[in-house]
>>> print(open('work.txt').read())   # compact mmCIF, C-alpha atoms
# COMPACT_ATOMS: atom_id res chain seq x y z
CA MET A 1352 194.42 100.66 32.80
CA THR A 1353 193.92 100.20 36.54
CA LEU A 1354 191.00 102.57 36.28
CA VAL A 1355 189.36 100.38 33.65
CA LEU A 1356 190.00 97.31 35.80
CA ASN A 1357 188.29 98.98 38.75
CA THR A 1358 185.33 99.93 36.59
CA VAL A 1359 185.09 96.35 35.32
CA GLU A 1360 185.12 94.97 38.84
CA GLU A 1361 182.46 97.43 39.92
CA ALA A 1362 180.34 96.61 36.89
CA LEU A 1363 180.32 92.92 37.80
CA GLU A 1364 178.36 93.96 40.89
CA ASN A 1365 175.49 94.69 38.45
CA VAL A 1366 175.42 91.13 37.15
CA LYS A 1367 172.82 89.38 39.30
CA ASP A 1368 171.97 85.74 39.73
CA PRO A 1369 169.14 85.37 37.15
CA GLU A 1370 167.18 83.28 39.65
CA ILE A 1371 167.89 85.36 42.78
CA ASP A 1372 167.98 88.95 41.63
CA SER A 1373 168.99 90.42 44.99
CA VAL A 1374 172.48 88.88 44.83
CA SER A 1375 175.30 89.54 42.38
CA ILE A 1376 177.89 87.12 41.09
CA ILE A 1377 180.39 88.96 43.34
CA ASP A 1378 178.15 88.32 46.38
CA LEU A 1379 178.06 84.63 45.46
CA GLY A 1380 181.84 84.43 45.23
CA MET A 1381 181.71 83.28 41.62
CA VAL A 1382 184.29 85.77 40.31
CA GLU A 1383 187.76 84.28 40.61
CA HIS A 1384 189.82 86.47 38.33
CA VAL A 1385 189.47 89.67 36.30
CA GLU A 1386 191.96 91.03 33.82
CA VAL A 1387 191.94 93.88 31.32
CA GLU A 1388 194.58 94.17 28.64
CA GLU A 1389 194.47 96.54 25.70
CA GLY A 1390 190.70 96.78 25.74
CA LYS A 1391 190.20 93.06 26.20
CA ALA A 1392 188.48 92.01 29.41
CA TYR A 1393 188.91 88.49 30.69
CA VAL A 1394 186.70 87.15 33.48
CA ALA A 1395 187.18 83.72 35.08
CA LEU A 1396 184.06 82.50 36.88
CA LEU A 1397 183.52 79.53 39.17
CA PRO A 1398 180.27 77.71 38.36
CA THR A 1399 178.18 77.01 41.46
CA PHE A 1400 176.53 73.81 40.23
CA MET A 1401 177.62 72.53 36.82
CA GLY A 1402 174.16 71.57 35.64
CA CYS A 1403 172.79 75.01 36.49
CA PRO A 1404 171.04 76.44 33.42
CA ALA A 1405 171.67 80.00 34.68
CA LEU A 1406 175.38 79.75 33.80
CA GLU A 1407 174.90 80.65 30.15
CA ILE A 1408 172.67 83.57 31.07
CA ILE A 1409 175.30 84.81 33.52
CA GLU A 1410 177.98 84.56 30.83
CA LYS A 1411 175.85 86.60 28.44
CA ASN A 1412 175.02 89.20 31.11
CA VAL A 1413 178.70 89.64 32.04
CA LYS A 1414 179.54 90.29 28.39
CA ASN A 1415 176.69 92.76 27.92
CA GLU A 1416 177.53 94.61 31.12
CA LEU A 1417 181.25 94.96 30.45
CA LEU A 1418 180.84 95.99 26.82
CA THR A 1419 179.09 99.17 27.99
CA ILE A 1420 182.33 100.30 29.67
CA GLU A 1421 184.49 102.78 27.84
CA GLY A 1422 187.85 101.21 27.10
CA VAL A 1423 186.50 97.67 26.84
CA GLN A 1424 186.24 96.40 23.28
CA SER A 1425 185.88 92.69 23.83
CA VAL A 1426 185.04 90.34 26.68
CA GLU A 1427 186.02 86.76 27.26
CA VAL A 1428 184.23 84.79 29.98
CA LYS A 1429 185.53 81.43 31.06
CA PHE A 1430 184.14 78.99 33.61
CA ILE A 1431 186.95 77.29 35.50
CA TYR A 1432 186.75 74.43 38.00
CA SER A 1433 189.77 75.13 40.13
CA PRO A 1434 189.42 76.23 42.84
CA PRO A 1435 185.98 74.61 43.10
CA TRP A 1436 183.15 76.93 44.14
CA THR A 1437 182.14 76.28 47.74
CA SER A 1438 179.31 77.92 49.66
CA ASP A 1439 181.73 79.62 52.07
CA ARG A 1440 182.71 81.91 49.18
CA ILE A 1441 179.42 83.79 49.58
CA THR A 1442 180.26 87.22 51.04
CA PRO A 1443 178.74 88.59 54.28
CA GLN A 1444 176.81 91.06 52.11
CA GLY A 1445 175.68 88.17 49.89
CA ARG A 1446 174.40 86.30 52.94
CA GLU A 1447 172.29 89.33 53.95
CA ARG A 1448 170.95 89.79 50.43
CA LEU A 1449 169.94 86.14 50.23
CA LYS A 1450 167.83 86.65 53.34
CA ASP A 1451 166.17 89.67 51.69
CA PHE A 1452 165.05 87.29 48.98
CA GLY A 1453 163.68 84.84 51.55
CA ILE A 1454 166.51 82.35 51.17
CA ALA A 1455 168.52 81.33 54.21
CA PRO A 1456 172.27 81.61 53.63
CA PRO A 1457 174.22 78.35 53.77
CA PRO A 1458 175.32 77.27 57.25
CA THR A 1459 178.86 78.40 57.94
CA GLN A 1460 179.66 75.39 60.04
CA MET A 1461 178.91 71.77 59.39
CA GLU A 1462 179.14 69.00 61.93
CA ALA A 1463 181.80 66.35 61.46
CA THR A 1464 178.97 64.00 60.45
CA GLY A 1465 178.02 66.30 57.59
CA GLU A 1466 174.85 67.39 59.40
CA TRP A 1467 173.88 71.03 59.18
CA HIS A 1468 171.28 73.41 60.41
CA VAL A 1469 169.81 76.72 59.28
CA ASP A 1470 167.59 79.24 60.99
CA CYS A 1471 164.42 80.66 59.47
CA PRO A 1472 165.23 83.69 57.26
CA TYR A 1473 161.87 85.27 58.19
CA CYS A 1474 161.60 85.02 61.98
CA GLY A 1475 165.09 83.85 62.88
CA SER A 1476 163.78 80.81 64.74
CA THR A 1477 166.02 77.79 65.03
CA TYR A 1478 162.96 75.50 65.16
CA THR A 1479 163.12 74.38 61.52
CA THR A 1480 162.86 71.07 59.69
CA MET A 1481 164.30 69.88 56.39
CA ASP A 1482 161.67 69.03 53.80
CA ASN A 1483 163.95 68.26 50.90
CA ILE A 1484 167.71 68.66 50.51
CA PHE A 1485 167.03 69.16 46.81
CA GLY A 1486 165.06 72.24 45.84
CA PRO A 1487 163.72 74.19 42.86
CA THR A 1488 167.27 74.94 41.70
CA ALA A 1489 170.45 72.91 42.07
CA CYS A 1490 171.85 75.17 44.79
CA ARG A 1491 168.81 75.29 47.11
CA SER A 1492 167.06 73.11 49.67
CA ILE A 1493 163.47 73.31 50.94
CA LEU A 1494 162.82 73.74 54.68
CA TYR A 1495 159.91 74.54 56.97
CA CYS A 1496 159.81 76.84 59.98
CA LYS A 1497 157.77 75.30 62.80
CA SER A 1498 157.80 78.62 64.60
CA CYS A 1499 156.32 81.04 62.06
CA LYS A 1500 154.90 78.19 59.94
CA ASN A 1501 156.50 79.35 56.72
CA PRO A 1502 158.15 77.12 54.17
CA PHE A 1503 161.48 78.58 53.08
CA GLU A 1504 164.54 77.78 51.03
CA ALA A 1505 168.19 77.63 52.02
CA MET A 1506 171.39 77.64 49.99
CA LYS A 1507 172.85 74.16 50.18
CA PRO A 1508 176.21 74.01 51.90
CA VAL A 1509 178.84 72.86 49.40
CA SER A 1510 182.30 71.92 50.54
CA THR A 1511 185.24 69.84 49.39
CA MET A 1512 185.16 67.53 52.40
CA MET B 846 201.52 65.68 36.30
CA MET B 847 200.10 66.32 32.80
CA LYS B 848 198.64 69.81 32.64
CA THR B 849 197.56 70.08 29.01
CA PRO B 850 196.42 67.89 26.10
CA GLU B 851 199.89 68.46 24.61
CA ASP B 852 201.52 66.92 27.69
CA VAL B 853 199.26 63.88 27.31
CA ARG B 854 200.16 63.49 23.65
CA ALA B 855 203.86 63.97 24.33
CA GLN B 856 203.75 61.07 26.78
CA GLY B 857 201.73 58.88 24.41
CA HIS B 858 198.69 58.52 26.69
CA GLU B 859 196.07 60.10 24.46
CA GLU B 860 194.14 56.93 23.68
CA ALA B 861 193.88 55.85 27.32
CA LEU B 862 192.67 59.30 28.37
CA ARG B 863 190.13 59.46 25.55
CA GLU B 864 188.68 56.08 26.49
CA LEU B 865 188.45 56.98 30.17
CA LEU B 866 186.78 60.33 29.49
CA LEU B 867 184.29 58.73 27.10
CA GLN B 868 183.33 56.17 29.75
CA LEU B 869 182.88 58.84 32.41
CA ALA B 870 180.92 61.13 30.07
CA ASP B 871 178.72 58.46 28.49
CA ASP B 872 177.85 56.86 31.87
CA ASP B 873 176.70 60.15 33.39
CA PHE B 874 174.94 61.20 30.20
CA ILE B 875 172.75 58.10 29.82
CA VAL B 876 172.01 57.63 33.52
CA ALA B 877 170.95 61.30 33.71
CA TYR B 878 168.68 60.71 30.72
CA ARG B 879 167.09 57.64 32.30
CA GLY B 880 166.66 59.63 35.51
CA SER B 881 164.96 62.47 33.65
CA GLU B 882 162.41 60.04 32.21
CA TRP B 883 161.06 59.68 35.77
CA LEU B 884 160.03 63.34 35.85
CA GLY B 885 156.41 63.48 36.98
CA LEU B 886 156.39 59.76 37.75
CA ALA B 887 158.48 59.52 40.93
CA PRO B 888 156.67 58.17 44.03
CA HIS B 889 155.97 61.61 45.51
CA ILE B 890 156.45 65.27 44.70
CA GLU B 891 159.53 65.84 46.87
CA GLU B 892 161.21 62.90 45.16
CA ASP B 893 160.29 64.38 41.80
CA VAL B 894 162.14 67.57 42.79
CA ALA B 895 165.12 65.67 44.19
CA PHE B 896 165.51 63.14 41.37
CA SER B 897 165.29 65.77 38.64
CA SER B 898 167.82 67.92 40.50
CA ILE B 899 170.20 64.96 40.73
CA SER B 900 169.71 64.21 37.03
CA GLN B 901 170.42 67.85 36.18
CA ASP B 902 173.64 67.80 38.24
CA THR B 903 174.64 64.53 36.58
CA MET B 904 174.08 65.95 33.10
CA GLY B 905 176.32 68.84 34.19
CA HIS B 906 179.04 66.32 35.08
CA ALA B 907 178.76 64.71 31.64
CA THR B 908 179.10 68.19 30.11
CA MET B 909 182.43 68.72 31.88
CA TYR B 910 183.83 65.41 30.60
CA TYR B 911 182.64 66.13 27.04
CA GLN B 912 184.32 69.52 27.37
CA LEU B 913 187.59 67.82 28.34
CA LEU B 914 187.22 65.64 25.23
CA GLU B 915 186.63 68.75 23.15
CA ASP B 916 189.82 70.24 24.61
CA LEU B 917 191.62 67.07 23.44
CA GLY B 918 190.47 67.92 19.91
CA LEU B 919 187.92 65.11 19.60
CA GLY B 920 184.98 67.21 18.44
CA LEU B 921 182.51 69.64 19.97
CA ALA B 922 181.04 68.67 23.35
CA ASN B 923 177.48 69.01 22.07
CA ASP B 924 178.16 66.75 19.07
CA LEU B 925 179.92 64.16 21.24
CA ALA B 926 176.85 64.02 23.47
CA HIS B 927 174.17 63.89 20.79
CA ALA B 928 175.58 62.80 17.44
CA ARG B 929 177.38 59.56 18.27
CA LYS B 930 175.58 56.31 17.48
CA SER B 931 175.11 53.57 20.04
CA ASP B 932 178.03 51.53 18.68
CA GLU B 933 180.38 54.43 19.49
CA ARG B 934 179.27 54.77 23.14
CA ARG B 935 181.24 53.53 26.16
CA ASN B 936 178.53 53.59 28.84
CA ALA B 937 177.76 50.49 30.90
CA ILE B 938 174.81 48.43 29.68
CA LEU B 939 173.06 48.54 33.07
CA LEU B 940 172.76 52.32 32.72
CA GLU B 941 171.11 52.23 29.30
CA GLU B 942 168.39 49.78 30.31
CA VAL B 943 164.84 51.17 30.15
CA ASN B 944 163.20 52.13 33.43
CA GLY B 945 160.58 49.46 32.92
CA PRO B 946 157.83 48.49 30.50
CA GLY B 947 155.82 51.19 28.77
CA HIS B 948 156.89 54.69 27.82
CA TYR B 949 156.89 57.91 29.83
CA LEU B 950 154.35 59.41 27.45
CA GLU B 951 152.09 56.40 27.57
CA GLU B 952 151.41 53.85 30.32
CA PRO B 953 154.78 53.94 32.05
CA ARG B 954 155.10 50.87 34.25
CA TYR B 955 158.46 51.89 35.64
CA ASP B 956 160.05 49.98 38.48
CA TRP B 957 161.03 52.18 41.42
CA ALA B 958 162.92 49.37 43.17
CA PHE B 959 165.10 48.95 40.09
CA ALA B 960 165.63 52.73 39.87
CA VAL B 961 166.78 52.92 43.49
CA VAL B 962 169.13 49.92 43.18
CA ARG B 963 170.58 51.02 39.84
CA HIS B 964 171.19 54.59 41.00
CA TYR B 965 172.59 53.52 44.34
CA PHE B 966 174.96 50.97 42.76
CA TYR B 967 176.04 53.48 40.14
CA THR B 968 176.45 56.45 42.49
CA GLN B 969 178.56 54.36 44.87
CA ALA B 970 180.79 53.28 41.97
CA LYS B 971 180.98 56.88 40.77
CA LYS B 972 181.99 58.08 44.24
CA ILE B 973 184.85 55.56 44.32
CA ARG B 974 186.01 56.59 40.84
CA ILE B 975 185.76 60.30 41.70
CA ASP B 976 187.82 59.79 44.87
CA SER B 977 190.52 58.17 42.72
CA LEU B 978 190.25 60.80 39.96
CA GLN B 979 190.85 63.65 42.40
CA ALA B 980 194.48 62.49 42.37
CA SER B 981 194.55 61.94 38.58
CA SER B 982 197.80 62.61 36.76
CA TYR B 983 195.81 64.70 34.24
CA GLU B 984 195.32 67.96 36.10
CA PRO B 985 192.16 69.18 34.31
CA LEU B 986 190.50 65.85 35.13
CA SER B 987 191.49 66.08 38.78
CA HIS B 988 189.91 69.55 38.92
CA VAL B 989 186.67 68.26 37.43
CA ALA B 990 186.66 65.38 39.93
CA ILE B 991 187.02 67.76 42.88
CA LYS B 992 184.10 69.77 41.50
CA VAL B 993 181.90 66.69 40.92
CA ASN B 994 182.67 65.44 44.41
CA THR B 995 181.10 68.51 46.05
CA GLU B 996 177.76 67.66 44.42
CA LEU B 997 178.04 63.88 44.57
CA TYR B 998 177.96 63.95 48.37
CA TYR B 999 174.23 64.71 48.29
CA HIS B 1000 173.46 62.19 45.55
CA LEU B 1001 175.01 59.29 47.41
CA MET B 1002 173.27 60.24 50.65
CA HIS B 1003 169.96 60.36 48.76
CA TRP B 1004 170.21 56.89 47.19
CA LYS B 1005 171.56 55.31 50.36
CA THR B 1006 168.54 56.60 52.27
CA TRP B 1007 166.07 55.17 49.73
CA PHE B 1008 167.93 51.88 49.52
CA LYS B 1009 168.07 51.37 53.28
CA GLN B 1010 164.45 52.27 53.87
CA LEU B 1011 162.93 50.19 51.07
CA VAL B 1012 165.07 47.11 51.63
CA MET B 1013 164.20 47.00 55.33
CA ILE B 1014 160.43 47.15 55.02
CA PRO B 1015 159.20 43.55 55.11
CA GLY B 1016 156.83 42.25 52.46
CA GLU B 1017 156.48 43.57 48.94
CA SER B 1018 159.04 46.35 49.41
CA LYS B 1019 161.83 44.04 50.54
CA GLU B 1020 160.96 41.37 47.97
CA ARG B 1021 161.00 43.81 45.09
CA MET B 1022 164.26 45.36 46.29
CA LEU B 1023 165.95 41.99 46.58
CA SER B 1024 164.81 41.00 43.14
CA ALA B 1025 166.14 44.34 41.78
CA VAL B 1026 169.47 43.71 43.54
CA SER B 1027 169.83 40.27 41.90
CA ARG B 1028 168.85 41.68 38.55
CA ALA B 1029 171.30 44.61 38.77
CA MET B 1030 174.06 42.28 39.97
CA GLU B 1031 173.91 40.48 36.59
CA ASP B 1032 175.21 43.55 34.76
CA VAL B 1033 176.76 45.84 37.37
CA ASP B 1034 180.25 44.62 36.50
CA GLY B 1035 179.89 46.70 33.34
CA ILE B 1036 179.89 49.80 35.55
CA LEU B 1037 182.93 48.59 37.48
CA SER B 1038 184.86 47.73 34.31
CA LEU B 1039 187.34 50.20 32.83
CA GLY B 1040 187.34 48.31 29.53
CA PRO B 1041 190.07 47.07 27.21
CA HIS B 1042 192.39 50.04 27.91
CA GLU B 1043 192.28 49.65 31.69
CA LYS B 1044 195.98 48.84 32.16
CA LYS B 1045 197.11 51.88 30.17
CA MET B 1046 194.81 54.18 32.14
CA ALA B 1047 196.33 52.98 35.40
CA GLU B 1048 199.90 53.08 34.06
CA ALA B 1049 199.44 56.68 32.98
CA GLY B 1050 198.14 57.48 36.47
CA PHE B 1051 194.80 58.76 35.19
CA ILE B 1052 192.90 56.51 37.63
CA GLU B 1053 193.71 53.57 39.90
CA GLY B 1054 193.35 50.02 38.58
CA GLU B 1055 190.00 48.36 38.05
CA GLU B 1056 190.58 45.59 40.56
CA LEU B 1057 191.27 48.02 43.39
CA LEU B 1058 188.23 50.15 42.61
CA LYS B 1059 186.03 47.06 42.38
CA LYS B 1060 187.28 45.85 45.76
CA ARG B 1061 186.30 49.18 47.31
CA TRP B 1062 182.84 48.99 45.73
CA LEU B 1063 182.26 45.47 47.02
CA HIS B 1064 183.35 46.61 50.45
CA GLU B 1065 180.91 49.55 50.51
CA ILE B 1066 177.95 47.60 49.14
CA GLY B 1067 178.74 44.66 51.42
CA ALA B 1068 178.75 46.96 54.45
CA MET B 1069 175.39 48.42 53.45
CA LEU B 1070 173.82 44.98 52.98
CA ASP B 1071 175.20 43.85 56.35
CA GLU B 1072 173.79 46.94 58.01
CA CYS B 1073 170.37 46.17 56.53
CA GLY B 1074 170.64 42.51 57.52
CA ILE B 1075 170.47 41.35 53.91
CA GLN B 1076 172.23 38.29 52.63
CA VAL B 1077 172.68 38.12 48.89
CA PRO B 1078 175.67 36.90 46.89
CA LEU B 1079 177.91 39.82 45.90
CA GLU B 1080 178.99 38.60 42.49
CA PRO B 1081 178.96 41.36 39.88
CA LEU B 1082 178.52 40.00 36.36
CA MET B 1083 178.40 41.36 32.83
CA LYS B 1084 175.79 39.07 31.33
CA ARG B 1085 174.78 41.27 28.45
CA GLY B 1086 178.28 42.40 27.50
CA ASN B 1087 180.73 45.23 28.13
CA GLY B 1088 179.65 48.70 27.08
CA ARG B 1089 183.28 49.88 27.38
CA ALA B 1090 184.02 47.56 24.43
CA LEU B 1091 181.12 49.10 22.46
CA GLU B 1092 178.67 46.28 23.19
CA HIS B 1093 175.13 47.61 23.64
CA THR B 1094 171.44 46.77 23.50
CA GLU B 1095 168.46 48.11 21.54
CA ASP B 1096 167.57 50.20 24.59
CA LEU B 1097 170.53 52.49 23.92
CA THR B 1098 169.70 52.91 20.24
CA ASP B 1099 166.12 53.88 21.14
CA ALA B 1100 167.28 56.29 23.85
CA ILE B 1101 169.69 58.07 21.50
CA ASP B 1102 166.99 58.35 18.82
CA THR B 1103 164.74 60.08 21.35
CA LEU B 1104 167.26 62.29 23.13
CA SER B 1105 168.91 63.54 19.94
CA ALA B 1106 165.67 64.39 18.13
CA VAL B 1107 165.86 68.13 18.83
CA TYR B 1108 169.61 68.25 18.22
CA ARG B 1109 169.16 66.62 14.80
CA GLN B 1110 166.60 69.24 13.82
CA ASP B 1111 169.04 72.07 14.55
CA PRO B 1112 172.58 70.99 15.49
CA ALA B 1113 173.69 74.61 15.97
CA ALA B 1114 170.98 75.47 18.50
CA ILE B 1115 172.20 76.70 21.88
CA TRP B 1116 170.97 74.68 24.85
>>> encode(input="work.txt", output="structure tokens")
Amino acid sequence: MTLVLNTVEEALENVKDPEIDSVSIIDLGMVEHVEVEEGKAYVALLPTFMGCPALEIIEKNVKNELLTIEGVQSVEVKFIYSPPWTSDRITPQGRERLKDFGIAPPPTQMEATGEWHVDCPYCGSTYTTMDNIFGPTACRSILYCKSCKNPFEAMKPVSTM
Amino acid sequence: MMKTPEDVRAQGHEEALRELLLQLADDDFIVAYRGSEWLGLAPHIEEDVAFSSISQDTMGHATMYYQLLEDLGLGLANDLAHARKSDERRNAILLEEVNGPGHYLEEPRYDWAFAVVRHYFYTQAKKIRIDSLQASSYEPLSHVAIKVNTELYYHLMHWKTWFKQLVMIPGESKERMLSAVSRAMEDVDGILSLGPHEKKMAEAGFIEGEELLKKRWLHEIGAMLDECGIQVPLEPLMKRGNGRALEHTEDLTDAIDTLSAVYRQDPAAIW
């Protein structure tokens, strides 16, 4: 049974964010709990942003992925709100893979005032400006690098402060 | 602490919880809909991106509350959102009001000053409620509140920025903002109201009492107006009635007709 559990956990690495296909749901820190009992897999996921339309696609992809595993007959996926997803759940590997996609990872530290800063994912320059805290998807912001003159996106920091 | 719907029923608080969840869900649902009607019409492209993102988040919040109602056995979340008539809704009247004359498909003459004031007033009230709900005696609701709060931070910052900037530019901008403030003040009490079941909600520990929450709202809005050097009477009214007590206007009926059109064609469709 432990073997199946390991396989299930590994398989979740294949479930990518439908909108950022270089990162998996493991990289994003969305997987909170995995269980396998008598052929039934149960996966508890933390939604990043609730209004995100990718959630249903992720649910479907988790089911499809796990059902290919021998020893798994059924899959239940549940979105839970506790603990809340926060951007510090993104793994170090996830942060690198976001950069590969041209998205700056969320800042690890925020000022007491709530201010934050990200460097350009292309040239690494710190000389960047915020264009729009809200971006093309709920979890991203739009920035501009004054150094290499590229617009870029960054994952919005999300915390429980 | 009540952890499950059964705990709530055992303690006899089901009605109070239902009413509170319907208010929270219906408020977010209709204000997100009104926000989405601005798509393509906001003052500039970055605002179009931001406002639609905020509306999408807000619709997500409504979804969570409808889900909690579904867990209480009150029907499917999708049906609760789309199938209920206007006389079954608990949202505040100020939130159902049209964005302005015209229609988004034809000659929209929407009022940006009113949009900024309405969304700022509402988001501030929502922040105060969410802060209280994070300590709710119904555990699933407190979890949802903690989740909403992570996203709400950006919404409130957004509307505060717009409010401050527009209300401090002399001339047409300031005049239109002040007139929107007076207009919103006539119905904003409907947002601050917890309706006829308020006492029971507070007794059950689901949320703090209405008076306390209202005091906090007045304090926050008062501080903002002071900071902007604006003097207007802070007297929230409910001139057109209390949506919590199922009083509504034609605007809500029209909105529901429009937003439920696709749902009515195929209620089983997946969104």
>>> atom_distance(input="work.txt", atom1="atom CA of Glu1095 of chain B", atom2="atom CA of Ile938 of chain B")
10.3 Å
>>> atom_distance(input="work.txt", atom1="atom CA of Lys1367 of chain A", atom2="atom CA of Val1423 of chain A")
20.3 Å
>>> residues_around(input="work.txt", residues="Asn1357 of chain A", least_positions_apart="6", cutoff="12 Å", atoms="only C-alpha atoms", output="number ranges by chain")
A: 1363-1364, 1385-1387, 1392, 1417, 1420, 1422
>>> residues_around(input="work.txt", residues="Val1428 of chain A", least_positions_apart="5", cutoff="9 Å", atoms="all atoms listed in the file", output="PyMOL selection string")
chain A and resi 1392-1396+1410-1411+1413-1414
>>> residues_around(input="work.txt", residues="Leu1001 of chain B", least_positions_apart="2", cutoff="8 Å", atoms="only C-alpha atoms", output="ChimeraX atom specification")
/B:965,968-969,972,997-999,1003-1005
>>> interface_residues(input="work.txt", of="chain B", to="chain A", cutoff="7 Å", atoms="only C-alpha atoms", output="list in words")
Glu891, Val894, Ala895, Ser898, Gln901, Asp902, Met904, Gly905, His906, His988, Val989, Ile991, Lys992 and Thr995 of chain B
>>> atom_distance(input="work.txt", atom1="atom CA of Ile1014 of chain B", atom2="atom CA of Gly1074 of chain B")
11.5 Å
